[in-house]
Amino acid sequence: MTADTGPGIASPAGHPGRTGGSAPVQTMAVALIALPVGWLLGTASQVQQRALGPVAGYGAALAAAAALAACAALARRRAGRGPGWAAVAGWLLAGALAAWGGAGLRATALQAQALASALEGRDLVLTGVVSRMPQRGEAGWRFRFDVEQARLDGAPVALPPRVQLAWYGAAAAPRAGDRWQLTARLKAPHGTLNPHGFDYELWLWEQRVRATGYVRTGPRDAPPRRLEEGVAHPVERARQAVRDRILTTAPLVDDASARRLAGIVAALVTGDQAVIERADWDVFRATGVAHLMSISGLHITMFAWLAAGVVGALWRRAARWGWPPRFNPCLRVPAPWAALAGGVLLAAAYAVFSGWGVPAQRTVVMLASVALLRLAGLRWPWWMSWLWACAAVLALDPWALLQAGFWLSFVAVGVLFATDSGAYDVMPKAAIGRFHRLLREQAVVTLALTPLSLMLFGQASVVGLLANLVAIPWVTLVVTPLALAGVLWAPLWSAAAAALQPLAALLQWLAAWPWAQVSMAAAPWPLGAAAVAGGVLLALRWPWPLRLAGVPLVLPLLLWQPARPAPGEFDLLAADVGQGSAVLVRTAGRTLLYDAGPRYSLESDAGHRVLVPLLRALGERVDLLVLSHRDSDHTGGARAVRAMQPGAALLSSIEAGQEPPGVGPAARCRAGQRWQWDGVAFEVLHPGESDADAARSPNALSCVLRVGTARASVLLAGDIEAAQERALAAARANLRSDVLLVPHHGSRTSSSAPFLDAVRPRLALIQAGYRNRFGHPAPDVLARLHARGVRVADSPRCGAMHWSSARPDSVRCEREVAARYWRHAPP
C-alpha cells in the first residue's frame, strides 16, 4: 500500500495525475477537499460552546448546510475551469454547519437525559442490563448499567438510559449482558475540575453516561437479583470471558509480577486498560511506550495485514475445491479484493472487541478508506485520506477532538505520510534495510510528537526513541500475536507474558535513568501549535536550511514560563480534590503546598490525579509542603508529591511514627513560627506547645497558617474544631484575614461564631466533595457565614478556586472560566 503524493485528487486508475476534465469531476474534487476541512472547523467550534443553543438553531444549521452544498455545486459547474472560490467557500461552510448542527443536536438529546436533581441520593429500584464488562476496583466492581425501568417508593420515575454503578463488597463481578434488579443511589456526573486536569465529566459524556452511583446492599435494602443471564451485549460478554480467562489462567497467579504481566496481556487482547497497574503505567509513560500497551493503531494495522494474508490464502485455496462455475467465489470476487475486504472487516471486528477507542477508530477508518479507494479504482493523495479519516472519526464522536489520543494519532500518521517514510510501503527484504526504516520512522515521529507531548501533557520521554526501537517490533510482532492467538489456545497467553518479562525489565531500567523524561509548564495553545508545526518542519525531508526554520518555532515553547505574583504579592489556588484539602500558595519566587488531598483508593490519590499534573503544568517547584494533620483526606497525595518534589521541606503536626508511607520525617509546626518569602509574611498560629498533650484527635493538632501582606491576608485553618477556635480567639491571636479556608470543610463542629467574628473574612473557601457523605458544608455554618456578609465559594460549584492578593475582593472559579455544556452545574 503506497501513499500517493502526486497532484491527483480523484481519478480513475491509470490516470492518477489528471485534475482537469468535466465540471462534475472538478466539483467533486473541490467538495472532497473543502468538506472535511469545514467539518473539522465546525466540530471545533461546537465543542467550545459554554452552553447549548436552541434545537431550532441546530436544525437550521443543517438545512443551511444542505442549501449551501447545492449552491456550491451549481456555482462550481458555472465556474468552468476557473478556481471557483465561491464553490470552495460554499463547501467549506456547508461542512462546518453540518458538523456544528449535527453535533449540537446530539448534545441536546444527550443533555435532555440528565438526572433530575430531586432523584439524587434517593433509593431507586432499577431494572436493567449490565452493558459493559465490569472493572475491578479496590473495594468492588464498577460497570455500566442500561436502565429499563426505575421506581421510587413503588412509583415509576424517569432516569437516564445509561448509568455507571459501583458495587462495593461484591463477591464476584456481575456479567455483561445479564439483567438485574437492584437498589441504587444516583447523582449527576460530577468530577473534580482543575486547570490542565483530566475532564472526568467529558469522559462520562462521551460514554453517554448521565448519572453515577452505587448499589445499596445494606440490611434494610432488598438484595440485588439477577433476573436473566446473557440476554444482550454478546461482544462485551466475550470480552469479559476472555479477560477473566487470561487473568485466572496466568502462571503463578499468586506472584505479583506474574499478575502484572497477565494484566498487560489482557489489555492487549481486550483493551481493558484498568487491569494494568499504576506502577506499570508510570514506567510506560516515562519511557514513551504507553501507546503500545493498549490497543493502538499499530496493533490494528498488524492484525489487518495478518488477516488479509490468511483470507487471501484461504480464498485462493477455495478455488481448488471443485466448485460449480456459477458458485465458485474466486470467479466472482478476485482473491486480492477478498483479502483486502476481509482484512479490513476482521480488523474492524478486533477494534470493536477491544473497546473501539480513538486510535482504533482512526486506524479502521484509514484502512477502510484505502480499501474502498482501491476497490473503486481510485487514488487519492495521502493528505485527502488523512483529512477524511479525521472527519469520519469526528462524525462518530465529535468530542474526540478534545482527546490527546486523537491529536497524537493523527499527527503521527500525517507526519509519516508527509515525510514519505514508507510507513505503508513494502519493507525491504534485507534486515539492515528494515532496521534502518524502523529507526528513521521512529526518529521522525519522536521529533514531530515531542512538542505535541509537551503541550498536551507537560512532559516528554527522553529515552522514548530507544525504548520504542525495542518495544515496537517486540510488542507488535511477538507479544501481541501470541496474546491474540491465546484466544484459540490458552497456553500462548503464558508465552506472551514470558515475552513481556525481559521488555518490562528493560523499560524499568530506562525509566530509572535520572533524565528519563523532561517536563515543563503548559504553554498557551498558540505557542504549542507553533512548536508542533516546527517539529513537523524539522521532520520533513526538505533541505536542511528549510528544516532548520522550525527551530525558532519550537524555542518559545521550550523557554516559556508562566507568570508569577509581583514581589510583595501572593496568590492562592485551592485545588478541587473532592472531599479533602490542598491549597497552593505562590509568591514571586517561592511555592508552598498546604495539604495534599485525599486518597481515593489503593491505586488512586489526589497526588497522582490532581496535584502532580497541576504542579507540572504550572511549572512549580514546591519549597515547603505543610501537612496540617494526619487524616488521610489531607495527606493522601503526599507520597506522590514528595516523589515528584524530593527537595521540598516538610512541616506538619503529625506525631513521630505516624507519618504516611513514603513521606518521611517532618519538622513540627508550632505556634510562633514565622518566616518571609518575597515580602510575604507566613506565621503558624496553632498548635502551641501545650496542645499536643491535650489533643484528643488529629483535628485538634491541625497546623493553622496565616499568610499575608499589608494589603491582604489568608487564614488556612486545617480541621480545627470549636474548642481550638475559641482558644485562638481568646488568646487574641492575629486571626484577622480577608480569606478563610473554612475549617474542617464546613463541618458543624467548626466555624463557631466567636472565631468568625475574630477572623472577619470577606471571602470563605470551602473544599468539600459533591454530595459527600458527611453533609459538608453544614447548613448552620453557611448561615453563620451569610449572616456576616461573607461571600462563600465551594469546590463543588466552583471547581478549583483562584485568588490573588492583588485583587483581594474576587475569586475566580474554574467552572466559570472553563464552562462547557457537558460540565455539571450543581443546583
# chains A, B, ... in the order shown; residues from 1 in each chain; ligands from 1

$ select_by_dssp --residues "stretch 514-596 of chain A" --states "strand (DSSP E or B)" --output "number ranges by chain"
A: 517-519, 571-574, 583-586, 591-594

$ closest_atom_pairs --of "stretch 711-818 of chain A" --to "stretch 679-688 of chain A" --cutoff "9 Å" --atoms "only C-alpha atoms" --output "CSV"
residue,atom,partner,partner_atom,distance
A:Ala717,CA,A:His686,CA,8.8
A:Gln724,CA,A:His686,CA,8.5
A:Leu728,CA,A:Leu685,CA,8.0
A:Ala733,CA,A:Leu685,CA,7.1
A:Asn734,CA,A:Leu685,CA,7.9
A:Leu735,CA,A:Leu685,CA,8.4

$ write_last_selection --atoms "N, CA, C and O atoms" --output "tab-separated table (two decimals), in the first residue's frame"
chain	number	residue	atom	x	y	z
A	717	ALA	N	-6.91	27.03	57.98
A	717	ALA	CA	-7.24	26.59	59.34
A	717	ALA	C	-7.30	25.08	59.50
A	717	ALA	O	-7.65	24.61	60.60
A	724	GLN	N	-10.61	24.63	69.68
A	724	GLN	CA	-9.39	25.30	69.25
A	724	GLN	C	-9.69	26.71	68.72
A	724	GLN	O	-8.90	27.64	68.91
A	728	LEU	N	-8.01	30.16	70.19
A	728	LEU	CA	-7.32	31.14	69.35
A	728	LEU	C	-7.94	32.52	69.49
A	728	LEU	O	-7.23	33.54	69.58
A	733	ALA	N	-5.00	35.96	69.07
A	733	ALA	CA	-4.03	35.70	68.01
A	733	ALA	C	-4.37	36.57	66.79
A	733	ALA	O	-5.49	37.07	66.65
A	734	ASN	N	-3.41	36.73	65.94
A	734	ASN	CA	-3.58	37.58	64.77
A	734	ASN	C	-4.42	36.83	63.73
A	734	ASN	O	-3.90	36.32	62.74
A	735	LEU	N	-5.72	36.75	63.97
A	735	LEU	CA	-6.62	35.98	63.11
A	735	LEU	C	-7.20	36.78	61.95
A	735	LEU	O	-7.65	36.19	60.97

$ residues_around --residues "A:Ala490" --least-positions-apart "4" --cutoff "12 Å" --atoms "only C-alpha atoms" --output "list in words"
Val242, Arg243, Asp244, Arg245, Ile246, Leu247, Thr248, Thr249, Ala250, Pro251, Val265, Leu482, Ala483, Leu484, Ala485, Gly486, Ser494, Ala495, Ala496 and Ala497 of chain A

$ closest_residue --among "A:Val462, A:Val129, A:Ala727, A:Val283" --to "A:Arg179" --atoms "only C-alpha atoms"
A:Val129

$ closest_residue --among "A:Gln508, A:Ala566, A:Pro451, A:Leu314" --to "A:Gly550" --atoms "only C-alpha atoms"
A:Pro451

$ residues_around --residues "A:Leu593" --least-positions-apart "4" --cutoff "6 Å" --atoms "only C-alpha atoms" --output "VMD selection string"
chain A and resid 583 to 584 625

$ select_by_dssp --residues "stretch 351-556 of chain A" --states "alpha helix (DSSP H)" --output "PyMOL selection string"
chain A and resi 351-353+358-375+382-396+404-418+431-457+464-474+480-485+491-511+525-539+544-547+551-556

$ closest_residue --among "A:Leu202, A:Leu705, A:Leu159, A:Leu193" --to "A:Trp399" --atoms "only C-alpha atoms"
A:Leu202

$ atom_distance --atom1 "atom CA of A:Arg791" --atom2 "atom CA of A:Cys703"
24.2 Å

$ residues_around --residues "A:Asp623" --least-positions-apart "6" --cutoff "7 Å" --atoms "only C-alpha atoms" --output "list in words"
Arg590, Thr591, Leu592, Ala648 and Ala649 of chain A

$ closest_residue --among "A:Gln403, A:Val626, A:Glu816, A:Ala448" --to "A:Trp203" --atoms "only C-alpha atoms"
A:Gln403

$ atom_distance --atom1 "atom CA of A:Ala504" --atom2 "atom CA of A:Pro473"
14.4 Å

$ atom_distance --atom1 "atom CA of A:Ala391" --atom2 "atom CA of A:Gly528"
22.5 Å

$ residues_around --residues "A:Ala286" --least-positions-apart "4" --cutoff "10 Å" --atoms "only C-alpha atoms" --output "PyMOL selection string"
chain A and resi 280-282+290+459-464+467+507-508+510-513+515-518

$ residues_around --residues "A:Glu120" --least-positions-apart "3" --cutoff "9 Å" --atoms "only C-alpha atoms" --output "list in words"
Leu115, Ala116, Ser117, Asp123, Arg185, Leu186, Lys187, Ala188 and Arg771 of chain A

$ write_last_selection --atoms "all heavy atoms" --output "compact mmCIF listing (two decimals), in the first residue's frame"
# COMPACT_ATOMS: atom_id res chain seq x y z
N LEU A 115 -30.08 13.49 34.89
CA LEU A 115 -30.79 13.04 36.08
C LEU A 115 -31.44 14.22 36.79
O LEU A 115 -30.79 15.25 37.02
CB LEU A 115 -29.80 12.35 37.03
CG LEU A 115 -30.35 11.85 38.37
CD1 LEU A 115 -31.28 10.65 38.16
CD2 LEU A 115 -29.21 11.49 39.31
N ALA A 116 -32.71 14.08 37.14
CA ALA A 116 -33.40 15.14 37.88
C ALA A 116 -32.77 15.29 39.26
O ALA A 116 -32.49 14.29 39.94
CB ALA A 116 -34.89 14.81 38.01
N SER A 117 -32.53 16.54 39.67
CA SER A 117 -31.87 16.77 40.95
C SER A 117 -32.67 16.21 42.12
O SER A 117 -32.10 15.84 43.15
CB SER A 117 -31.62 18.27 41.14
OG SER A 117 -32.84 18.99 41.10
N ASP A 123 -33.17 6.27 47.21
CA ASP A 123 -33.08 4.83 46.97
C ASP A 123 -34.02 4.45 45.82
O ASP A 123 -35.24 4.48 45.97
CB ASP A 123 -33.47 4.05 48.24
CG ASP A 123 -32.40 4.15 49.31
OD1 ASP A 123 -31.27 4.55 48.97
OD2 ASP A 123 -32.69 3.84 50.48
N ARG A 185 -28.33 4.29 44.64
CA ARG A 185 -28.40 5.74 44.85
C ARG A 185 -27.56 6.40 43.77
O ARG A 185 -26.41 6.03 43.56
CB ARG A 185 -27.89 6.12 46.24
CG ARG A 185 -28.88 5.81 47.35
CD ARG A 185 -28.43 6.37 48.67
NE ARG A 185 -29.38 6.04 49.73
CZ ARG A 185 -29.20 6.35 51.01
NH1 ARG A 185 -28.10 6.99 51.40
NH2 ARG A 185 -30.11 6.02 51.91
N LEU A 186 -28.15 7.41 43.13
CA LEU A 186 -27.50 8.05 41.99
C LEU A 186 -27.24 9.52 42.27
O LEU A 186 -27.85 10.13 43.15
CB LEU A 186 -28.39 7.93 40.75
CG LEU A 186 -28.76 6.52 40.27
CD1 LEU A 186 -29.67 6.61 39.06
CD2 LEU A 186 -27.53 5.70 39.95
N LYS A 187 -26.33 10.08 41.50
CA LYS A 187 -26.10 11.52 41.47
C LYS A 187 -25.68 11.91 40.07
O LYS A 187 -25.30 11.06 39.25
CB LYS A 187 -25.02 11.93 42.49
CG LYS A 187 -23.64 11.36 42.22
CD LYS A 187 -22.65 11.84 43.26
CE LYS A 187 -21.25 11.30 42.97
NZ LYS A 187 -20.26 11.78 43.98
N ALA A 188 -25.74 13.20 39.80
CA ALA A 188 -25.35 13.70 38.48
C ALA A 188 -23.86 13.46 38.26
O ALA A 188 -23.07 13.42 39.23
CB ALA A 188 -25.66 15.19 38.37
N ARG A 771 -21.93 16.25 47.12
CA ARG A 771 -22.83 15.33 47.81
C ARG A 771 -22.04 14.34 48.66
O ARG A 771 -22.29 13.13 48.65
CB ARG A 771 -23.72 14.59 46.81
CG ARG A 771 -24.66 15.50 46.02
CD ARG A 771 -25.71 14.69 45.27
NE ARG A 771 -26.55 13.95 46.19
CZ ARG A 771 -27.64 14.43 46.81
NH1 ARG A 771 -28.02 15.67 46.58
NH2 ARG A 771 -28.33 13.68 47.62

$ closest_residue --among "A:Phe284, A:Trp525, A:Trp493, A:Tyr594" --to "A:Trp509" --atoms "only C-alpha atoms"
A:Phe284

$ closest_residue --among "A:Arg374, A:Arg609, A:Arg379, A:His299" --to "A:Ala351" --atoms "only C-alpha atoms"
A:His299
